[in-house]
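The next block holds one structure in the form of structure tokens; read it before the comments.
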Amino acid sequence: MSSKFDVVVVGAGPAGLAAAYKLASAGFKVLVVERGREPGSKQVYGGRIYAYWLDKYLPEFRKDAPADRWVRKERISLMSDESVTTMEFEVVKPEKSSFVASLAAFTSWLGKLATSAGAKIVTEVVVDELLRDERGRFVGVRSGQDKIYADYVIDAEGVNRLLLERAGIVQRLKPEHVAVGAKEVLKFENRKVLEDRLGLSEDEGLAWAFAGWPTEYLPGGAFLYTYRDSVALGVVVYLTSWRQLATPVYDLAERLRTHPYIAKLVAGANLQEYSAHLTPVAGISMAPPRFSYDGLLIVGDTAGFLMHAGVLIRGVDFAVASGVLAAETIKEVGRPDALSRYDDKLRSSFILRDLLAFKNADKVLSGQFAFDDMPKLVNAFLRNYFTVEDRPPTVASALKTTMGEGNWSLAKILINTMYALAYL
Amino acid sequence: MSSQQAVKFLTIEERLNVNAWDTDIYRPHIKIKDPDKCRFCEKKPCTYMCPAKCYVQQGDIVVLSTEACLECGTCRVVCPYENIDWNYPRSGMGVWYRFS
């Protein structure tokens, strides 16, 4: 097969498909090459998509994208061996600012949108190499013996950027760049059971983050998101934790599901799917040196466009926006050797602004305080405060008892609080 | 459905079994480059960082079976000796996520 397209996109994920949709809509001849059986079939995420930037970059989603539940309730739980402390936030009036959906469903929707605009998606094809001409310009892709040529190549291969590594643009992924997430989709008998268990009204969604016990107090965390009649329950650990972790990663999600606190919420719900994926955690510090080269634009997770700030984790809105900016660049410059405008567009967009603003979040999130000291300290303090025995505790006495129990130092707590305030 | 009922811990094999697969057992997409190197690997992080338990320690070597690989890429990144030749499965093979 040898054929010529205006644009070839590697990977039918949110970033690649957003680019394909916009370019096809503008009349470009676009081919998307996807390794899975269909768009979305190799994808995993936590479960939530933020709407604010989608409204600006892909407002079509409001019409018919598959949003299972709009998030009304947010919970943050700090778990220790002995107890769980949960903070719950709920808006009084429902609003539509983020939603839970299966990424397979969302991506499938975006794939149909791109196809209806005229983009061609070929599935079950693995791209092995980005092709360059003698001057180094990217001119297409190779899959096995087949070569596909195009004026522009958009690399949306995802977090495992084998193609960028082979092209010599980035170094091998390192443990400090990524975390692994293992996730269970648990299906309830019906949506009513789910809503009763989690205190939700019809169609309302819950986004829940956990720190401490689920990761054995190592950097990362756990999550629970509500789909329509199922929940996503998962654990994320940094790959740098490989020396300390005692429970194997393959049992971490199940260990959380069977924890008494979670077990009573999901009892009776059946496992529907068990999935795993890497997620970028280093943000801008794992980005390629540039996002555009002659003939090539790099979008989505491939570029490190995922914002990881502990509880706030955003990938899909960054992916879609970067795909749209890549498409706009191609439309505006009209030649493959002037694509650096994409870097300019990224710099003046929320993408690089937000990633730069949180570039030190990792310093807080990969340290010991956020996932070890803090969950233990908060739980120990509340336990001491709520335990009424001979002499009722005061706030001060409970704090004093707590500080005496562990190796807590007030200075350390204050310093880490300052870090969190500065970087998150 | 009672919320008091006991919750059974499912083994990784039981959990992987619920997934949809299209497995290509004849052409493994991941290989250990030099199996002898694994003997000297003290912690063997692949054996407990892989979310699908594809890597199992037997004696001082590591046995890899890729049939139930979730294609995440963790092993490639955590292998301290860069001893894993990692690719995606060919032509649509492998895990097929539908609900995640």
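Naming scheme: A, B, ... for chains in displayed order of the structure tokens; residues 1 onward per chain; ligands 1 onward as shown.
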Could you go through stretch 172-372 of chain A and tell me which residues DSSP, when run on the backbone, assigns to helix (DSSP H, G or I), listing them as a compact mmCIF listing (two decimals) with C-alpha atoms, in the first residue's frame?
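Once everything was written out, this is states.txt:
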# COMPACT_ATOMS: atom_id res chain seq x y z
CA PRO A 175 10.26 5.72 36.13
CA GLU A 176 10.02 9.33 37.35
CA HIS A 177 7.99 10.30 34.26
CA ARG A 191 -28.29 2.50 38.82
CA LYS A 192 -30.57 2.94 41.83
CA VAL A 193 -28.37 0.65 43.96
CA LEU A 194 -25.32 2.68 43.01
CA GLU A 195 -27.08 5.96 43.79
CA ASP A 196 -28.31 4.74 47.18
CA ARG A 197 -24.90 3.45 48.20
CA LEU A 198 -23.09 6.64 47.27
CA TRP A 213 -3.37 3.31 52.63
CA PRO A 214 -4.34 2.38 49.03
CA THR A 215 -0.77 2.96 47.81
CA LEU A 239 6.97 3.76 39.00
CA THR A 240 9.69 5.22 41.20
CA SER A 241 8.10 3.31 44.08
CA TRP A 242 9.29 -0.04 42.78
CA ARG A 243 11.78 -0.52 45.58
CA VAL A 249 0.56 -3.77 41.52
CA TYR A 250 -1.70 -6.51 40.14
CA ASP A 251 -3.39 -6.80 43.54
CA LEU A 252 -3.56 -3.12 44.53
CA ALA A 253 -7.00 -2.35 43.07
CA GLU A 254 -8.49 -5.56 44.44
CA ARG A 255 -6.93 -4.87 47.84
CA LEU A 256 -8.79 -1.55 47.87
CA ARG A 257 -12.06 -3.08 46.67
CA PRO A 260 -13.97 -3.01 54.64
CA TYR A 261 -14.67 0.68 54.03
CA ILE A 262 -14.94 0.23 50.23
CA ALA A 263 -16.31 -3.33 50.30
CA LYS A 264 -19.57 -2.25 51.91
CA LEU A 265 -20.08 0.34 49.16
CA VAL A 266 -19.43 -1.97 46.23
CA GLY A 283 4.12 17.16 33.07
CA ILE A 284 6.34 19.65 31.36
CA SER A 285 9.55 17.96 32.50
CA MET A 286 8.85 14.93 30.32
CA GLY A 300 -1.75 14.80 23.93
CA ASP A 301 -0.06 12.39 26.34
CA THR A 302 2.76 11.91 23.81
CA ALA A 303 3.77 15.50 24.50
CA VAL A 316 -8.67 14.69 28.07
CA ASP A 317 -9.24 18.45 27.93
CA PHE A 318 -5.49 19.00 27.39
CA ALA A 319 -5.43 16.29 24.72
CA VAL A 320 -8.42 17.66 22.80
CA ALA A 321 -7.15 21.25 22.96
CA SER A 322 -3.67 20.29 21.74
CA GLY A 323 -5.20 18.37 18.84
CA VAL A 324 -7.31 21.39 17.90
CA LEU A 325 -4.28 23.71 18.08
CA ALA A 326 -2.29 21.33 15.88
CA ALA A 327 -5.12 21.38 13.33
CA GLU A 328 -5.33 25.19 13.43
CA THR A 329 -1.59 25.45 12.88
CA ILE A 330 -1.72 23.29 9.76
CA LYS A 331 -4.72 25.24 8.45
CA GLU A 332 -3.02 28.60 9.03
CA VAL A 333 0.58 28.03 7.93
CA ARG A 341 3.58 28.30 15.19
CA TYR A 342 2.13 25.31 17.05
CA ASP A 343 4.66 25.87 19.84
CA ASP A 344 3.62 29.54 19.95
CA LYS A 345 -0.02 28.57 20.14
CA LEU A 346 0.66 26.14 22.97
CA ARG A 347 2.56 28.82 24.89
CA PHE A 350 -3.91 27.23 28.87
CA ILE A 351 -1.95 24.07 28.04
CA LEU A 352 1.57 25.33 28.64
CA ARG A 353 0.38 28.04 31.03
CA ASP A 354 -1.16 25.46 33.37
CA LEU A 355 1.59 22.87 32.98
CA LEU A 356 4.19 25.51 33.82
CA ALA A 357 2.16 26.75 36.77
CA ALA A 361 3.68 19.93 41.89
CA ASP A 362 5.76 16.81 41.59
CA LYS A 363 8.02 18.04 44.38
CA VAL A 364 5.07 17.86 46.76
CA LEU A 365 3.42 14.82 45.24
CA PHE A 369 4.40 14.08 53.35
CA ALA A 370 1.31 14.13 51.15
CA PHE A 371 0.70 10.39 51.00
CA ASP A 372 2.28 9.13 54.20
Neighbouring residues of stretch 79-93 of chain B were defined as those with any atom within 7 Å, considering only C-alpha atoms; residues of the same chain fewer than 6 positions away were excluded. Please report them as number ranges by chain. A: 35-37, 124-126; B: 22-24, 29-34, 45-46, 71
Find the spatial neighbours of A:Lys183, counting only C-alpha atoms, within a cut-off of 10 Å - ignore same-chain residues fewer than 6 positions away - and output them as JSON, numbers by chain. {"A": [44, 45, 46, 222, 223, 224, 232, 233, 234, 235, 236, 250, 252, 253, 254, 273, 274, 275, 276, 277], "B": [51, 100]}
List every residue of stretch 139-385 of chain A that DSSP, applied to the backbone of this structure, places in strand (DSSP E), and write the result as an MDAnalysis selection string. chainID A and resid 139:143 146:155 178:187 204:212 220:226 230:238 270:280 292:293 296:298 307:309 312:314
Prev. selection, C-alpha atoms, output as a tab-separated table (two decimals), in the first residue's frame:
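Output saved as again.tsv:
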chain	number	residue	atom	x	y	z
A	139	VAL	CA	6.82	12.70	5.52
A	140	GLY	CA	4.73	9.75	6.66
A	141	VAL	CA	4.58	6.54	8.65
A	142	ARG	CA	5.56	2.92	8.18
A	143	SER	CA	3.66	-0.13	9.38
A	146	ASP	CA	3.47	-0.51	4.19
A	147	LYS	CA	4.34	3.14	3.91
A	148	ILE	CA	1.85	5.96	4.03
A	149	TYR	CA	2.96	9.40	2.93
A	150	ALA	CA	1.48	12.73	3.97
A	151	ASP	CA	2.41	16.41	4.02
A	152	TYR	CA	1.92	16.49	7.77
A	153	VAL	CA	2.29	13.84	10.48
A	154	ILE	CA	0.55	14.22	13.84
A	155	ASP	CA	1.95	12.00	16.56
A	178	VAL	CA	5.04	8.01	34.72
A	179	ALA	CA	2.73	6.19	37.11
A	180	VAL	CA	0.81	3.00	36.51
A	181	GLY	CA	-2.92	2.89	37.13
A	182	ALA	CA	-4.81	-0.36	37.66
A	183	LYS	CA	-8.56	-0.05	37.50
A	184	GLU	CA	-11.66	-2.14	38.03
A	185	VAL	CA	-15.03	-1.33	36.50
A	186	LEU	CA	-17.67	-2.65	38.89
A	187	LYS	CA	-21.21	-2.98	37.64
A	204	GLU	CA	-25.60	12.94	39.68
A	205	GLY	CA	-21.95	11.96	39.69
A	206	LEU	CA	-19.31	11.48	42.33
A	207	ALA	CA	-15.55	11.94	41.96
A	208	TRP	CA	-13.57	10.55	44.86
A	209	ALA	CA	-9.83	10.67	45.53
A	210	PHE	CA	-8.00	8.66	48.21
A	211	ALA	CA	-4.53	9.09	49.70
A	212	GLY	CA	-2.53	6.95	52.08
A	220	GLY	CA	0.07	8.16	43.91
A	221	GLY	CA	-3.45	7.61	45.12
A	222	ALA	CA	-6.73	5.93	44.43
A	223	PHE	CA	-9.98	6.98	42.81
A	224	LEU	CA	-13.63	6.13	42.50
A	225	TYR	CA	-15.78	7.62	39.74
A	226	THR	CA	-19.43	6.89	39.05
A	230	SER	CA	-21.05	1.07	37.42
A	231	VAL	CA	-18.08	2.60	39.19
A	232	ALA	CA	-14.43	2.94	38.25
A	233	LEU	CA	-12.24	2.01	41.20
A	234	GLY	CA	-8.50	2.20	40.77
A	235	VAL	CA	-5.09	2.76	42.28
A	236	VAL	CA	-2.22	4.74	40.79
A	237	VAL	CA	1.40	4.32	41.89
A	238	TYR	CA	4.51	6.07	40.67
A	270	ASN	CA	-19.62	-7.42	39.58
A	271	LEU	CA	-16.28	-6.90	37.93
A	272	GLN	CA	-16.90	-5.91	34.33
A	273	GLU	CA	-13.37	-5.03	33.25
A	274	TYR	CA	-9.87	-4.92	34.71
A	275	SER	CA	-7.57	-2.46	32.97
A	276	ALA	CA	-4.21	-0.79	33.35
A	277	HIS	CA	-2.34	2.05	31.70
A	278	LEU	CA	0.58	4.36	32.27
A	279	THR	CA	-0.15	8.01	32.97
A	280	PRO	CA	2.26	10.93	32.65
A	292	SER	CA	6.74	20.77	16.29
A	293	TYR	CA	9.34	19.65	13.79
A	296	LEU	CA	5.52	16.74	12.55
A	297	LEU	CA	3.28	17.90	15.40
A	298	ILE	CA	3.15	16.19	18.80
A	307	MET	CA	-1.93	18.01	34.41
A	308	HIS	CA	-1.29	16.15	37.59
A	309	ALA	CA	-1.81	18.18	40.76
A	312	LEU	CA	-6.89	17.57	40.18
A	313	ILE	CA	-5.95	15.35	37.27
A	314	ARG	CA	-6.73	16.50	33.74
Residues of chain B that have any atom at most 6 Å from an atom of chain A: could you tabulate them with the shortest-distance atom pair and the distance in Å to one decimal, using only C-alpha atoms, ordered by chain and increasing number, as a tab-separated table?
residue	atom	partner	partner_atom	distance
B:Ser3	CA	A:Lys264	CA	5.2
B:Asn19	CA	A:Glu273	CA	5.4
B:Tyr48	CA	A:Pro248	CA	4.4
B:Met49	CA	A:Val249	CA	5.1
B:Pro51	CA	A:Tyr250	CA	3.9
B:Ala52	CA	A:Tyr250	CA	5.5
B:Cys72	CA	A:His277	CA	4.4
B:Val77	CA	A:Lys174	CA	5.8
B:Ser91	CA	A:Glu124	CA	4.2
B:Gly92	CA	A:Glu124	CA	3.9
B:Trp96	CA	A:Ser41	CA	5.2
B:Tyr97	CA	A:Ser41	CA	4.7
B:Arg98	CA	A:Ala104	CA	5.8
B:Phe99	CA	A:Ser102	CA	5.6
B:Ser100	CA	A:Ser102	CA	5.3
Contact residues around B:Glu67 with only C-alpha atoms at 10 Å, ignoring same-chain residues under 2 positions, as a PyMOL selection string: chain B and resi 21-29+52+54+64-65+69-70+94-95
Any chance you can output those residues with N, CA and C atoms as a tab-separated table (two decimals), in the first residue's frame?
chain	number	residue	atom	x	y	z
B	21	TRP	N	-10.57	-10.40	24.96
B	21	TRP	CA	-9.21	-10.55	24.43
B	21	TRP	C	-9.25	-11.05	23.01
B	22	ASP	N	-8.20	-10.72	22.27
B	22	ASP	CA	-8.00	-11.34	20.98
B	22	ASP	C	-6.51	-11.66	20.95
B	23	THR	N	-6.19	-12.84	21.44
B	23	THR	CA	-4.79	-13.11	21.78
B	23	THR	C	-4.04	-13.83	20.67
B	24	ASP	N	-2.82	-13.36	20.48
B	24	ASP	CA	-1.94	-13.88	19.46
B	24	ASP	C	-0.81	-14.63	20.17
B	25	ILE	N	-1.06	-15.90	20.51
B	25	ILE	CA	-0.07	-16.60	21.35
B	25	ILE	C	1.17	-17.00	20.56
B	26	TYR	N	1.08	-16.93	19.24
B	26	TYR	CA	2.22	-17.39	18.46
B	26	TYR	C	3.27	-16.30	18.25
B	27	ARG	N	2.85	-15.08	18.39
B	27	ARG	CA	3.81	-14.00	18.17
B	27	ARG	C	3.84	-13.06	19.37
B	28	PRO	N	4.54	-13.46	20.44
B	28	PRO	CA	4.56	-12.59	21.62
B	28	PRO	C	5.12	-11.20	21.27
B	29	HIS	N	4.42	-10.15	21.75
B	29	HIS	CA	4.86	-8.80	21.38
B	29	HIS	C	5.92	-8.25	22.31
B	52	ALA	N	-0.61	-7.08	35.41
B	52	ALA	CA	-1.29	-8.28	34.93
B	52	ALA	C	-0.54	-9.56	35.32
B	54	CYS	N	2.31	-10.70	34.36
B	54	CYS	CA	2.85	-11.42	33.20
B	54	CYS	C	4.22	-12.02	33.50
B	64	LEU	N	8.13	-15.05	31.30
B	64	LEU	CA	7.18	-14.06	30.78
B	64	LEU	C	6.12	-14.74	29.94
B	65	SER	N	4.85	-14.45	30.24
B	65	SER	CA	3.79	-14.88	29.33
B	65	SER	C	2.94	-13.66	28.98
B	69	CYS	N	-1.44	-9.70	28.69
B	69	CYS	CA	-0.79	-8.39	28.83
B	69	CYS	C	-1.82	-7.28	28.65
B	70	LEU	N	-1.75	-6.26	29.51
B	70	LEU	CA	-2.70	-5.15	29.42
B	70	LEU	C	-2.10	-3.99	28.60
B	94	GLY	N	-4.67	-8.53	21.22
B	94	GLY	CA	-4.44	-8.12	22.60
B	94	GLY	C	-5.73	-7.80	23.31
B	95	VAL	N	-5.62	-6.95	24.33
B	95	VAL	CA	-6.78	-6.64	25.16
B	95	VAL	C	-7.71	-5.69	24.41
Using only C-alpha atoms, which protein or nucleic acid residues come within 7 Å of A:Tyr423? Drop anything in the same chain fewer than 4 positions from it, and give the result as an NGL selection string. :A and (358 or 360-361 or 419)
Output C-alpha atoms of each residue in that selection to a file, as a PDB file, in the first residue's frame.
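Writing the result to out_28.pdb gives the following:
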ATOM      1  CA  PHE A 358       2.171  23.229  38.209  1.00  0.00           C
ATOM      2  CA  ASN A 360       6.761  21.868  40.788  1.00  0.00           C
ATOM      3  CA  ALA A 361       3.681  19.930  41.891  1.00  0.00           C
ATOM      4  CA  TYR A 419       5.278  23.653  49.823  1.00  0.00           C
TER       5      TYR A 419
END
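Here the question is which of A:Ser77, A:Ser98, A:Ser108, A:Thr85 gets nearest to A:Ala51 using only C-alpha atoms, and that residue is A:Ser98.
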I'd like the interatomic distance between atom CA of A:Val30 and atom CA of A:Phe5, to a tenth of an Å. 6.1 Å
Please list as a PyMOL selection string every residue within 12 Å of B:Gln58, counting only C-alpha atoms and excluding residues in the same chain fewer than 4 positions away. chain B and resi 35+38-39+44+47+62-64
